[in-house]
$ cat query_22.txt   # compact mmCIF, C-alpha atoms
# COMPACT_ATOMS: atom_id res chain seq x y z
CA MET B 1 58.83 47.30 -90.22
CA ARG B 2 55.15 47.42 -90.96
CA ALA B 3 54.13 44.94 -93.64
CA LEU B 4 54.62 41.43 -95.03
CA ILE B 5 54.41 40.69 -98.76
CA PHE B 6 54.04 36.99 -99.51
CA ASP B 7 54.94 34.95 -102.50
CA LEU B 8 52.26 32.32 -103.23
CA ASP B 9 53.59 29.02 -104.74
CA GLY B 10 55.94 27.20 -102.35
CA THR B 11 55.41 29.87 -99.69
CA LEU B 12 51.69 29.61 -98.90
CA VAL B 13 50.56 26.66 -101.06
CA ASP B 14 52.31 23.33 -101.67
CA THR B 15 52.53 23.46 -105.46
CA VAL B 16 56.25 23.58 -106.32
CA TYR B 17 56.87 19.89 -106.91
CA ALA B 18 53.77 19.51 -109.08
CA HIS B 19 54.94 22.54 -111.11
CA VAL B 20 58.41 21.00 -111.53
CA TYR B 21 57.02 17.68 -112.59
CA ALA B 22 54.46 19.25 -114.97
CA TRP B 23 57.19 21.32 -116.63
CA GLN B 24 59.52 18.36 -116.85
CA ARG B 25 56.88 16.27 -118.55
CA ALA B 26 55.65 19.05 -120.89
CA LEU B 27 59.23 19.68 -121.98
CA ALA B 28 60.01 15.98 -122.43
CA GLU B 29 56.86 15.52 -124.54
CA ALA B 30 58.08 18.33 -126.78
CA GLY B 31 61.42 16.55 -127.21
CA LEU B 32 63.16 18.99 -124.85
CA PRO B 33 64.26 16.91 -121.85
CA ILE B 34 65.67 19.04 -119.02
CA ASP B 35 66.95 17.91 -115.62
CA GLY B 36 64.41 18.20 -112.80
CA TRP B 37 66.73 20.17 -110.53
CA ARG B 38 67.34 22.81 -113.20
CA ILE B 39 63.59 23.31 -113.58
CA HIS B 40 63.13 23.40 -109.79
CA ARG B 41 65.67 26.19 -109.37
CA ARG B 42 63.89 28.25 -112.03
CA ILE B 43 60.33 28.00 -110.71
CA GLY B 44 59.05 31.42 -109.69
CA MET B 45 61.02 33.44 -112.20
CA SER B 46 59.16 35.15 -115.02
CA GLY B 47 57.87 32.93 -117.82
CA GLY B 48 59.98 34.83 -120.35
CA LEU B 49 63.18 34.24 -118.38
CA PHE B 50 62.19 30.63 -117.77
CA THR B 51 61.72 30.06 -121.50
CA ARG B 52 65.05 31.68 -122.26
CA ALA B 53 66.70 29.44 -119.65
CA VAL B 54 65.10 26.41 -121.28
CA ALA B 55 66.33 27.55 -124.69
CA ARG B 56 69.83 27.90 -123.28
CA GLU B 57 69.76 24.39 -121.87
CA ILE B 58 68.65 22.89 -125.17
CA GLY B 59 70.99 25.09 -127.19
CA ARG B 60 68.51 26.78 -129.54
CA PRO B 61 65.86 29.53 -129.28
CA LEU B 62 62.21 28.57 -128.85
CA SER B 63 59.66 30.09 -131.22
CA ASP B 64 56.65 32.00 -129.84
CA ASP B 65 54.41 29.12 -130.91
CA GLU B 66 56.57 26.57 -129.10
CA THR B 67 56.61 28.72 -125.97
CA GLU B 68 52.86 29.15 -126.01
CA GLU B 69 52.24 25.44 -126.57
CA LEU B 70 54.64 24.52 -123.73
CA GLN B 71 52.85 26.88 -121.35
CA ARG B 72 49.46 25.52 -122.36
CA ARG B 73 50.57 21.90 -121.91
CA HIS B 74 52.24 22.71 -118.56
CA GLY B 75 48.98 24.24 -117.32
CA GLU B 76 47.00 21.24 -118.50
CA LEU B 77 49.35 18.73 -116.82
CA PHE B 78 49.49 20.80 -113.64
CA ARG B 79 45.71 20.76 -113.32
CA GLU B 80 45.65 17.00 -113.96
CA LEU B 81 48.41 16.32 -111.44
CA LEU B 82 47.10 18.59 -108.72
CA PRO B 83 43.33 18.83 -108.96
CA GLY B 84 43.16 20.25 -105.42
CA ARG B 85 45.45 22.84 -103.85
CA ARG B 86 46.84 22.38 -100.37
CA PRO B 87 47.89 25.23 -98.07
CA LEU B 88 51.34 24.78 -96.52
CA PRO B 89 51.31 24.18 -92.76
CA GLY B 90 50.41 27.30 -90.83
CA ALA B 91 49.62 29.42 -93.89
CA VAL B 92 45.85 29.75 -93.34
CA GLU B 93 46.33 30.49 -89.64
CA LEU B 94 49.11 33.03 -90.27
CA LEU B 95 47.02 35.00 -92.77
CA ARG B 96 44.04 34.92 -90.39
CA GLU B 97 46.22 36.19 -87.53
CA LEU B 98 47.56 39.05 -89.65
CA ARG B 99 44.02 40.07 -90.61
CA GLU B 100 42.79 39.85 -87.02
CA LYS B 101 45.72 41.84 -85.64
CA GLY B 102 45.55 44.39 -88.44
CA ILE B 103 49.12 43.74 -89.60
CA LEU B 104 49.46 45.02 -93.15
CA HIS B 105 50.13 42.33 -95.73
CA GLY B 106 49.61 41.30 -99.32
CA ILE B 107 50.39 38.57 -101.85
CA ALA B 108 52.55 39.09 -104.95
CA THR B 109 52.87 36.18 -107.37
CA SER B 110 54.30 35.40 -110.80
CA GLY B 111 51.17 33.28 -111.27
CA ARG B 112 48.09 34.48 -113.12
CA ARG B 113 44.38 34.62 -112.55
CA PRO B 114 42.35 32.44 -112.97
CA GLU B 115 45.06 29.80 -112.25
CA ILE B 116 45.80 31.22 -108.79
CA ASP B 117 42.15 31.48 -107.71
CA ALA B 118 42.04 27.94 -106.30
CA SER B 119 45.11 28.69 -104.16
CA LEU B 120 43.62 31.92 -102.79
CA GLU B 121 40.41 30.08 -102.01
CA VAL B 122 42.02 27.31 -99.93
CA LEU B 123 44.02 29.97 -98.12
CA GLY B 124 40.81 31.76 -97.13
CA VAL B 125 42.01 34.95 -98.84
CA GLY B 126 39.15 37.21 -99.89
CA ALA B 127 38.71 40.58 -101.51
CA GLU B 128 40.00 42.33 -98.37
CA THR B 129 43.55 41.16 -99.15
CA VAL B 130 45.80 42.89 -101.68
CA VAL B 131 46.81 40.35 -104.36
CA VAL B 132 49.12 41.39 -107.19
CA GLU B 133 49.45 38.88 -110.02
CA ARG B 134 51.45 38.54 -113.21
CA GLY B 135 48.89 40.37 -115.32
CA ASP B 136 49.09 43.50 -113.12
CA VAL B 137 52.69 44.32 -113.96
CA LEU B 138 55.00 44.45 -116.94
CA ARG B 139 57.81 42.26 -115.58
CA ALA B 140 57.79 39.36 -113.11
CA LYS B 141 60.46 38.26 -110.61
CA PRO B 142 63.36 38.77 -110.20
CA GLU B 143 62.31 42.25 -111.39
CA PRO B 144 60.88 44.18 -108.44
CA ASP B 145 57.61 45.20 -110.14
CA LEU B 146 55.28 42.73 -108.38
CA PHE B 147 56.51 43.66 -104.91
CA LEU B 148 56.50 47.40 -105.66
CA ALA B 149 52.93 47.25 -106.97
CA CYS B 150 51.88 45.33 -103.86
CA GLN B 151 53.57 47.79 -101.48
CA GLU B 152 51.91 50.73 -103.27
CA ARG B 153 48.48 49.15 -102.99
CA ILE B 154 49.04 48.34 -99.30
CA GLY B 155 50.11 51.95 -98.82
CA VAL B 156 53.49 51.61 -97.09
CA ALA B 157 57.06 52.48 -98.07
CA PRO B 158 59.26 49.73 -99.60
CA GLU B 159 61.68 50.05 -96.67
CA GLU B 160 58.88 49.07 -94.30
CA CYS B 161 58.16 45.75 -96.04
CA TYR B 162 59.43 42.23 -95.64
CA VAL B 163 59.08 39.91 -98.60
CA VAL B 164 58.41 36.29 -97.58
CA GLY B 165 59.43 33.80 -100.26
CA ASP B 166 60.74 30.30 -100.93
CA ALA B 167 62.84 31.00 -104.03
CA THR B 168 65.99 33.00 -104.65
CA TRP B 169 63.96 34.95 -107.25
CA ASP B 170 61.74 36.38 -104.51
CA LEU B 171 64.74 37.43 -102.47
CA LEU B 172 66.56 39.04 -105.39
CA ALA B 173 63.41 40.92 -106.37
CA ALA B 174 63.04 42.06 -102.75
CA ARG B 175 66.54 43.52 -102.72
CA ARG B 176 65.88 45.33 -105.97
CA ALA B 177 62.68 46.72 -104.44
CA ARG B 178 64.70 47.94 -101.39
CA MET B 179 62.78 45.55 -99.13
CA LEU B 180 64.10 43.14 -96.51
CA SER B 181 63.24 39.49 -96.94
CA VAL B 182 62.52 36.29 -95.08
CA GLY B 183 63.03 32.85 -96.62
CA VAL B 184 60.98 29.69 -96.13
CA LEU B 185 62.21 26.16 -96.87
CA SER B 186 58.81 24.96 -98.08
CA GLY B 187 59.74 25.40 -101.75
CA GLY B 188 62.73 23.06 -101.48
CA TYR B 189 65.69 25.48 -101.50
CA GLY B 190 68.31 25.10 -98.76
CA VAL B 191 68.97 27.56 -95.93
CA ASP B 192 72.22 28.86 -97.37
CA GLU B 193 70.88 29.47 -100.83
CA LEU B 194 68.18 31.68 -99.32
CA THR B 195 70.54 33.39 -96.90
CA ARG B 196 73.02 34.22 -99.62
CA ALA B 197 70.23 35.58 -101.80
CA GLY B 198 69.52 38.08 -99.02
CA ALA B 199 67.09 36.52 -96.52
CA PHE B 200 67.32 38.14 -93.09
CA ARG B 201 65.84 35.03 -91.47
CA VAL B 202 64.95 31.59 -92.83
CA TYR B 203 62.06 29.59 -91.37
CA ARG B 204 60.90 26.08 -92.22
CA ASP B 205 57.46 27.21 -93.31
CA ALA B 206 54.60 29.61 -92.61
CA GLU B 207 53.93 27.82 -89.31
CA GLU B 208 57.39 28.55 -87.93
CA LEU B 209 57.18 32.09 -89.28
CA ALA B 210 53.89 32.60 -87.43
CA GLU B 211 55.58 31.53 -84.18
CA SER B 212 58.46 33.91 -84.85
CA LEU B 213 56.74 37.18 -85.79
CA ASP B 214 58.38 38.88 -82.80
CA GLU B 215 61.80 38.15 -84.31
CA LEU B 216 60.90 40.40 -87.23
CA GLY B 217 60.13 43.57 -85.31
CA LEU B 218 56.57 43.73 -86.60
CA PRO B 219 53.96 45.62 -84.52
CA ILE B 220 52.27 42.51 -83.12
CA MET W 1 92.18 7.26 -103.94
CA ARG W 2 91.33 4.37 -106.20
CA ALA W 3 87.58 3.97 -106.65
CA LEU W 4 84.26 5.76 -107.16
CA ILE W 5 81.00 4.41 -105.71
CA PHE W 6 77.94 6.02 -107.24
CA ASP W 7 74.45 6.52 -105.93
CA LEU W 8 71.86 5.97 -108.70
CA ASP W 9 68.68 8.14 -108.42
CA GLY W 10 69.48 11.86 -108.74
CA THR W 11 73.17 11.09 -109.32
CA LEU W 12 73.16 9.09 -112.55
CA VAL W 13 69.46 9.13 -113.59
CA ASP W 14 66.97 12.01 -113.48
CA THR W 15 64.30 10.42 -111.30
CA VAL W 16 64.17 12.45 -108.07
CA TYR W 17 61.32 14.79 -108.95
CA ALA W 18 59.13 11.97 -110.28
CA HIS W 19 59.80 10.07 -107.03
CA VAL W 20 58.85 13.13 -104.95
CA TYR W 21 55.67 13.69 -106.89
CA ALA W 22 54.72 9.97 -106.84
CA TRP W 23 55.18 9.86 -103.05
CA GLN W 24 53.29 13.09 -102.56
CA ARG W 25 50.35 11.79 -104.54
CA ALA W 26 50.37 8.28 -102.99
CA LEU W 27 50.39 9.84 -99.52
CA ALA W 28 47.65 12.35 -100.38
CA GLU W 29 45.45 9.58 -101.80
CA ALA W 30 45.84 7.73 -98.49
CA GLY W 31 44.70 10.84 -96.62
CA LEU W 32 48.26 11.62 -95.48
CA PRO W 33 49.18 14.91 -97.15
CA ILE W 34 52.84 15.84 -96.64
CA ASP W 35 54.72 18.87 -97.96
CA GLY W 36 56.69 18.26 -101.15
CA TRP W 37 59.92 19.67 -99.76
CA ARG W 38 59.82 17.31 -96.76
CA ILE W 39 59.48 14.34 -99.08
CA HIS W 40 62.25 15.66 -101.34
CA ARG W 41 64.72 15.90 -98.46
CA ARG W 42 63.97 12.29 -97.46
CA ILE W 43 64.37 10.65 -100.86
CA GLY W 44 67.28 8.19 -100.81
CA MET W 45 67.01 7.22 -97.15
CA SER W 46 65.88 3.70 -96.30
CA GLY W 47 62.19 2.90 -96.78
CA GLY W 48 61.86 2.10 -93.08
CA LEU W 49 63.26 5.47 -92.02
CA PHE W 50 61.16 7.21 -94.67
CA THR W 51 58.00 5.59 -93.34
CA ARG W 52 58.91 6.53 -89.78
CA ALA W 53 59.48 10.11 -90.91
CA VAL W 54 56.08 10.12 -92.61
CA ALA W 55 54.47 8.75 -89.43
CA ARG W 56 56.14 11.52 -87.43
CA GLU W 57 54.79 14.19 -89.79
CA ILE W 58 51.24 12.87 -89.57
CA GLY W 59 51.52 12.25 -85.83
CA ARG W 60 50.66 8.54 -85.65
CA PRO W 61 52.41 5.26 -86.50
CA LEU W 62 51.69 3.54 -89.82
CA SER W 63 50.67 -0.13 -89.79
CA ASP W 64 52.63 -2.66 -91.84
CA ASP W 65 49.67 -2.94 -94.21
CA GLU W 66 49.53 0.83 -94.70
CA THR W 67 53.28 0.95 -95.35
CA GLU W 68 53.12 -1.84 -97.88
CA GLU W 69 50.15 -0.30 -99.69
CA LEU W 70 51.88 3.12 -99.82
CA GLN W 71 55.02 1.58 -101.30
CA ARG W 72 52.97 -0.36 -103.86
CA ARG W 73 51.01 2.73 -104.90
CA HIS W 74 54.18 4.85 -105.05
CA GLY W 75 55.76 2.28 -107.40
CA GLU W 76 52.65 2.22 -109.57
CA LEU W 77 52.45 6.03 -109.83
CA PHE W 78 56.18 6.31 -110.46
CA ARG W 79 55.99 3.91 -113.41
CA GLU W 80 52.98 5.82 -114.80
CA LEU W 81 54.68 9.19 -114.38
CA LEU W 82 58.05 8.18 -115.74
CA PRO W 83 57.61 5.40 -118.27
CA GLY W 84 61.15 6.00 -119.59
CA ARG W 85 64.30 6.73 -117.59
CA ARG W 86 66.69 9.47 -118.57
CA PRO W 87 70.40 9.51 -117.73
CA LEU W 88 71.61 12.77 -116.21
CA PRO W 89 73.98 14.77 -118.44
CA GLY W 90 77.38 13.16 -118.69
CA ALA W 91 76.48 10.02 -116.76
CA VAL W 92 76.68 7.54 -119.64
CA GLU W 93 79.95 9.06 -120.88
CA LEU W 94 81.49 9.14 -117.38
CA LEU W 95 80.77 5.46 -116.74
CA ARG W 96 82.13 4.55 -120.18
CA GLU W 97 85.32 6.52 -119.51
CA LEU W 98 85.82 4.79 -116.16
CA ARG W 99 85.42 1.38 -117.80
CA GLU W 100 87.77 2.26 -120.64
CA LYS W 101 90.44 3.66 -118.33
CA GLY W 102 90.08 0.81 -115.86
CA ILE W 103 89.19 3.09 -112.95
CA LEU W 104 87.47 0.99 -110.29
CA HIS W 105 83.86 1.91 -109.67
CA GLY W 106 80.46 0.58 -108.66
CA ILE W 107 76.86 1.60 -107.99
CA ALA W 108 75.19 1.37 -104.56
CA THR W 109 71.50 2.26 -104.39
CA SER W 110 68.61 2.17 -101.91
CA GLY W 111 66.49 1.10 -104.91
CA ARG W 112 65.63 -2.50 -105.66
CA ARG W 113 65.71 -4.83 -108.62
CA PRO W 114 63.71 -5.08 -110.85
CA GLU W 115 62.77 -1.38 -110.41
CA ILE W 116 66.35 -0.20 -111.03
CA ASP W 117 66.91 -2.34 -114.14
CA ALA W 118 65.56 0.32 -116.53
CA SER W 119 67.96 2.88 -115.05
CA LEU W 120 70.96 0.59 -115.41
CA GLU W 121 69.95 -0.14 -118.98
CA VAL W 122 69.79 3.51 -120.12
CA LEU W 123 73.15 4.06 -118.42
CA GLY W 124 74.71 1.27 -120.47
CA VAL W 125 75.74 -0.56 -117.29
CA GLY W 126 76.14 -4.28 -117.82
CA ALA W 127 77.18 -7.31 -115.80
CA GLU W 128 80.81 -6.08 -115.70
CA THR W 129 79.85 -3.33 -113.22
CA VAL W 130 79.39 -3.97 -109.49
CA VAL W 131 75.84 -2.96 -108.51
CA VAL W 132 74.72 -3.27 -104.89
CA GLU W 133 70.98 -2.80 -104.30
CA ARG W 134 68.64 -2.69 -101.33
CA GLY W 135 68.06 -6.43 -101.32
CA ASP W 136 71.79 -7.17 -100.92
CA VAL W 137 72.12 -5.60 -97.46
CA LEU W 138 70.29 -5.43 -94.18
CA ARG W 139 70.11 -1.66 -93.81
CA ALA W 140 69.97 1.14 -96.39
CA LYS W 141 71.33 4.72 -96.24
CA PRO W 142 72.31 6.53 -94.10
CA GLU W 143 73.65 3.25 -92.69
CA PRO W 144 76.97 2.43 -94.41
CA ASP W 145 76.05 -1.13 -95.47
CA LEU W 146 75.41 -0.45 -99.18
CA PHE W 147 78.72 1.35 -99.65
CA LEU W 148 80.69 -1.20 -97.62
CA ALA W 149 79.23 -4.08 -99.62
CA CYS W 150 80.10 -2.27 -102.85
CA GLN W 151 83.68 -1.55 -101.74
CA GLU W 152 84.16 -5.19 -100.73
CA ARG W 153 82.93 -6.44 -104.08
CA ILE W 154 85.16 -3.96 -105.93
CA GLY W 155 88.05 -5.16 -103.79
CA VAL W 156 89.46 -1.91 -102.38
CA ALA W 157 89.71 -0.46 -98.87
CA PRO W 158 86.99 1.97 -97.70
CA GLU W 159 89.61 4.69 -97.30
CA GLU W 160 90.40 4.45 -101.02
CA CYS W 161 86.80 5.14 -102.13
CA TYR W 162 84.85 8.27 -102.97
CA VAL W 163 81.10 8.10 -102.73
CA VAL W 164 79.35 10.24 -105.36
CA GLY W 165 75.82 11.22 -104.33
CA ASP W 166 73.13 13.89 -104.59
CA ALA W 167 71.56 13.52 -101.14
CA THR W 168 72.80 14.17 -97.62
CA TRP W 169 71.99 10.48 -96.90
CA ASP W 170 74.70 9.37 -99.31
CA LEU W 171 77.23 11.66 -97.70
CA LEU W 172 76.37 10.66 -94.13
CA ALA W 173 76.56 6.98 -95.08
CA ALA W 174 79.94 7.65 -96.72
CA ARG W 175 81.33 9.16 -93.53
CA ARG W 176 80.08 6.21 -91.53
CA ALA W 177 81.80 3.91 -94.03
CA ARG W 178 85.07 5.92 -93.60
CA MET W 179 84.91 7.02 -97.24
CA LEU W 180 85.35 10.49 -98.70
CA SER W 181 82.49 11.87 -100.72
CA VAL W 182 81.63 14.12 -103.64
CA GLY W 183 78.24 15.83 -104.01
CA VAL W 184 76.26 16.53 -107.18
CA LEU W 185 73.49 19.12 -107.46
CA SER W 186 71.41 17.01 -109.85
CA GLY W 187 69.11 15.76 -107.09
CA GLY W 188 68.07 19.26 -106.06
CA TYR W 189 70.01 19.82 -102.83
CA GLY W 190 72.04 23.02 -102.48
CA VAL W 191 75.85 23.26 -102.38
CA ASP W 192 76.01 24.05 -98.68
CA GLU W 193 73.74 21.23 -97.60
CA LEU W 194 76.04 18.79 -99.37
CA THR W 195 79.23 20.44 -98.13
CA ARG W 196 78.06 20.41 -94.54
CA ALA W 197 77.08 16.76 -94.84
CA GLY W 198 80.71 16.04 -95.69
CA ALA W 199 81.22 16.42 -99.45
CA PHE W 200 84.85 17.13 -100.34
CA ARG W 201 83.78 18.71 -103.64
CA VAL W 202 80.38 19.54 -105.12
CA TYR W 203 79.79 19.43 -108.88
CA ARG W 204 76.69 20.33 -110.86
CA ASP W 205 76.27 16.86 -112.31
CA ALA W 206 78.09 13.84 -113.69
CA GLU W 207 79.22 15.90 -116.69
CA GLU W 208 81.11 18.41 -114.55
CA LEU W 209 82.48 15.57 -112.41
CA ALA W 210 83.81 13.87 -115.56
CA GLU W 211 85.65 17.08 -116.48
CA SER W 212 87.08 17.30 -112.96
CA LEU W 213 88.41 13.80 -112.27
CA ASP W 214 91.92 15.21 -111.86
CA GLU W 215 90.68 17.29 -108.90
CA LEU W 216 89.96 14.06 -107.06
CA GLY W 217 93.42 12.49 -107.20
CA LEU W 218 92.18 9.43 -109.08
CA PRO W 219 94.69 7.49 -111.20
CA ILE W 220 93.44 8.79 -114.57
$ encode --input "query_22.txt" --output "structure tokens"
Amino acid sequence: MRALIFDLDGTLVDTVYAHVYAWQRALAEAGLPIDGWRIHRRIGMSGGLFTRAVAREIGRPLSDDETEELQRRHGELFRELLPGRRPLPGAVELLRELREKGILHGIATSGRRPEIDASLEVLGVGAETVVVERGDVLRAKPEPDLFLACQERIGVAPEECYVVGDATWDLLAARRARMLSVGVLSGGYGVDELTRAGAFRVYRDAEELAESLDELGLPI
Amino acid sequence: MRALIFDLDGTLVDTVYAHVYAWQRALAEAGLPIDGWRIHRRIGMSGGLFTRAVAREIGRPLSDDETEELQRRHGELFRELLPGRRPLPGAVELLRELREKGILHGIATSGRRPEIDASLEVLGVGAETVVVERGDVLRAKPEPDLFLACQERIGVAPEECYVVGDATWDLLAARRARMLSVGVLSGGYGVDELTRAGAFRVYRDAEELAESLDELGLPI
């Protein structure tokens, strides 16, 4: 194993609950109330799939205009609710250690620039780090495209990569990309959900992962 | 089995994610940033235990004044974030069915009046239903006091009651009260977390529970 590919929201930055709440409120404002837990379990999947899931819950398709307006309002509420981003415990230190030790790694997120820029900034991630975002690929998670693009840009084989993610969508996409995966609890899923979705190990957060790199057979 | 004792937040009303976000923001404003998932997994435990858990995360004890101010600010943010309460799917219909069929039931919550009044109102719960709240007992969940007080007021033995809850705290408190328990996913825990905490069955939400009453051996 040679490389780690990280998800961003819920894995490196503490944004999941603000995303859930922003979606819940944007949907409620549009007259489309959906249970918080159902939104939570769909964070991190592609926006198209998310919208289809919402449509299924409310029992009718959403028009393109409705979808666009929901996404705009979600973004607006999210920025209001969470003006500053906060790295999850250990995330900044882990990324610094990987850079210092020359362990190959990258970030692959269903989020988009410029929305993700604030997260990358608080993480101390600069131009030296491979970051693949939604706009770089055709299809987001659980399709494997984001992870495959990241692995190509890092320059390693898929079989040499671990995906590190907090959501079942990361772990499903990892399997489809022929990568192993590691789960973290910092997005609010339980251990068994992540294990059953394919995680080889599950750690509490980036901090525990950093203390456990030797359990992953990486060249540290 | 003769009676059902329901938790309120996350079991009958869709309030968990607003509570998580309100706590996260109140704590961050006080200079005490704590990961969303750690707050989520502590919702529904007693306020005293919650505060001690927060103190543990930040590495120093909280003064009584700090605790009181945090609780006040959480309440304020929660009311701003969630001006209206929303019953979870099937909750209103389930409670109505239990009343109509004369199946004994009650509600036992770590919440307090008057904060819980809006939730009881949208659920259509009136004075005919036994409601035990934080102020009625000395210790909240996972101590068994709330459930025992509810069972006494309903007038059945603990062994004849199912607790229905979304959080591990409900299920631990049920075991300590010598009651069986049923989990619901509508508070955002996973199936296995609830099963391992002692749930005899786990349903998605009140709607699926209502369709499955015959699986519980209740006199319907």
$ closest_atom_pairs --input "query_22.txt" --of "chain B" --to "chain W" --cutoff "9 Å" --atoms "all atoms listed in the file" --output "tab-separated table"
residue	atom	partner	partner_atom	distance
B:Gly10	CA	W:Trp37	CA	8.9
B:Asp14	CA	W:Asp35	CA	6.3
B:Thr15	CA	W:Gly36	CA	7.9
B:Val16	CA	W:Gly36	CA	7.4
B:Tyr17	CA	W:Gly36	CA	6.0
B:Ala18	CA	W:Tyr21	CA	6.5
B:Val20	CA	W:Tyr17	CA	7.3
B:Tyr21	CA	W:Tyr17	CA	6.3
B:Gln24	CA	W:Tyr17	CA	8.9
B:Arg25	CA	W:Leu81	CA	8.5
B:Pro33	CA	W:Arg86	CA	8.5
B:Asp35	CA	W:Asp14	CA	6.3
B:Gly36	CA	W:Tyr17	CA	6.0
B:Trp37	CA	W:Gly188	CA	4.8
B:Arg38	CA	W:Ser186	CA	7.8
B:His40	CA	W:Gly188	CA	7.4
B:Arg41	CA	W:Gly188	CA	8.0
B:Leu81	CA	W:Arg25	CA	8.5
B:Leu82	CA	W:Arg25	CA	8.6
B:Arg86	CA	W:Pro33	CA	8.5
B:Leu88	CA	W:Asp35	CA	7.0
B:Pro89	CA	W:Asp35	CA	8.2
B:Leu185	CA	W:Trp37	CA	7.5
B:Ser186	CA	W:Trp37	CA	5.7
B:Gly187	CA	W:Trp37	CA	6.1
B:Gly188	CA	W:Trp37	CA	4.7
B:Tyr189	CA	W:Gly190	CA	6.9
B:Gly190	CA	W:Gly190	CA	5.7
B:Val191	CA	W:Glu193	CA	8.1
B:Asp192	CA	W:Asp192	CA	6.3
B:Glu193	CA	W:Gly190	CA	6.8
$ write_last_selection --input "query_22.txt" --atoms "C-alpha atoms" --output "JSON list (two decimals), keeping the file's coordinate frame"
[["chain", "number", "residue", "atom", "x", "y", "z"],
["B", 10, "GLY", "CA", 55.94, 27.20, -102.35],
["B", 14, "ASP", "CA", 52.31, 23.33, -101.67],
["B", 15, "THR", "CA", 52.53, 23.46, -105.46],
["B", 16, "VAL", "CA", 56.25, 23.58, -106.32],
["B", 17, "TYR", "CA", 56.87, 19.89, -106.91],
["B", 18, "ALA", "CA", 53.77, 19.51, -109.08],
["B", 20, "VAL", "CA", 58.41, 21.00, -111.53],
["B", 21, "TYR", "CA", 57.02, 17.68, -112.59],
["B", 24, "GLN", "CA", 59.52, 18.36, -116.85],
["B", 25, "ARG", "CA", 56.88, 16.27, -118.55],
["B", 33, "PRO", "CA", 64.26, 16.91, -121.85],
["B", 35, "ASP", "CA", 66.95, 17.91, -115.62],
["B", 36, "GLY", "CA", 64.41, 18.20, -112.80],
["B", 37, "TRP", "CA", 66.73, 20.17, -110.53],
["B", 38, "ARG", "CA", 67.34, 22.81, -113.20],
["B", 40, "HIS", "CA", 63.13, 23.40, -109.79],
["B", 41, "ARG", "CA", 65.67, 26.19, -109.37],
["B", 81, "LEU", "CA", 48.41, 16.32, -111.44],
["B", 82, "LEU", "CA", 47.10, 18.59, -108.72],
["B", 86, "ARG", "CA", 46.84, 22.38, -100.37],
["B", 88, "LEU", "CA", 51.34, 24.78, -96.52],
["B", 89, "PRO", "CA", 51.31, 24.18, -92.76],
["B", 185, "LEU", "CA", 62.21, 26.16, -96.87],
["B", 186, "SER", "CA", 58.81, 24.96, -98.08],
["B", 187, "GLY", "CA", 59.74, 25.40, -101.75],
["B", 188, "GLY", "CA", 62.73, 23.06, -101.48],
["B", 189, "TYR", "CA", 65.69, 25.48, -101.50],
["B", 190, "GLY", "CA", 68.31, 25.10, -98.76],
["B", 191, "VAL", "CA", 68.97, 27.56, -95.93],
["B", 192, "ASP", "CA", 72.22, 28.86, -97.37],
["B", 193, "GLU", "CA", 70.88, 29.47, -100.83]]
$ atom_distance --input "query_22.txt" --atom1 "atom CA of B:Ala174" --atom2 "atom CA of B:Ile5"
9.6 Å
$ residues_around --input "query_22.txt" --residues "W:Val125" --least-positions-apart "3" --cutoff "9 Å" --atoms "all atoms listed in the file" --output "number ranges by chain"
W: 92, 95-96, 119-122, 128-129
$ atom_distance --input "query_22.txt" --atom1 "atom CA of B:Ser110" --atom2 "atom CA of B:Ile58"
23.9 Å
$ atom_distance --input "query_22.txt" --atom1 "atom CA of B:Arg112" --atom2 "atom CA of B:Arg134"
5.3 Å
$ closest_residue --input "query_22.txt" --among "B:Val182, B:Leu148, B:Ala28, B:Met1" --to "B:Leu70" --atoms "only C-alpha atoms"
B:Ala28
$ residues_around --input "query_22.txt" --residues "B:Gly48" --least-positions-apart "6" --cutoff "10 Å" --atoms "all atoms listed in the file" --output "PyMOL selection string"
chain B and resi 54+67+139-140
$ closest_residue --input "query_22.txt" --among "W:Glu57, W:Glu97, W:Asp7, W:Glu215" --to "W:Asp166" --atoms "all atoms listed in the file"
W:Asp7
$ residues_around --input "query_22.txt" --residues "stretch 149-164 of chain W" --least-positions-apart "3" --cutoff "8 Å" --atoms "only C-alpha atoms" --output "CSV table (one decimal) with C-alpha atoms, in the coordinates of the input"
chain,number,residue,atom,x,y,z
W,1,MET,CA,92.2,7.3,-103.9
W,2,ARG,CA,91.3,4.4,-106.2
W,3,ALA,CA,87.6,4.0,-106.6
W,4,LEU,CA,84.3,5.8,-107.2
W,5,ILE,CA,81.0,4.4,-105.7
W,6,PHE,CA,77.9,6.0,-107.2
W,7,ASP,CA,74.4,6.5,-105.9
W,11,THR,CA,73.2,11.1,-109.3
W,104,LEU,CA,87.5,1.0,-110.3
W,105,HIS,CA,83.9,1.9,-109.7
W,106,GLY,CA,80.5,0.6,-108.7
W,107,ILE,CA,76.9,1.6,-108.0
W,108,ALA,CA,75.2,1.4,-104.6
W,130,VAL,CA,79.4,-4.0,-109.5
W,131,VAL,CA,75.8,-3.0,-108.5
W,132,VAL,CA,74.7,-3.3,-104.9
W,137,VAL,CA,72.1,-5.6,-97.5
W,145,ASP,CA,76.0,-1.1,-95.5
W,146,LEU,CA,75.4,-0.4,-99.2
W,170,ASP,CA,74.7,9.4,-99.3
W,171,LEU,CA,77.2,11.7,-97.7
W,174,ALA,CA,79.9,7.6,-96.7
W,177,ALA,CA,81.8,3.9,-94.0
W,178,ARG,CA,85.1,5.9,-93.6
W,179,MET,CA,84.9,7.0,-97.2
W,180,LEU,CA,85.4,10.5,-98.7
W,181,SER,CA,82.5,11.9,-100.7
W,182,VAL,CA,81.6,14.1,-103.6
W,183,GLY,CA,78.2,15.8,-104.0
W,184,VAL,CA,76.3,16.5,-107.2
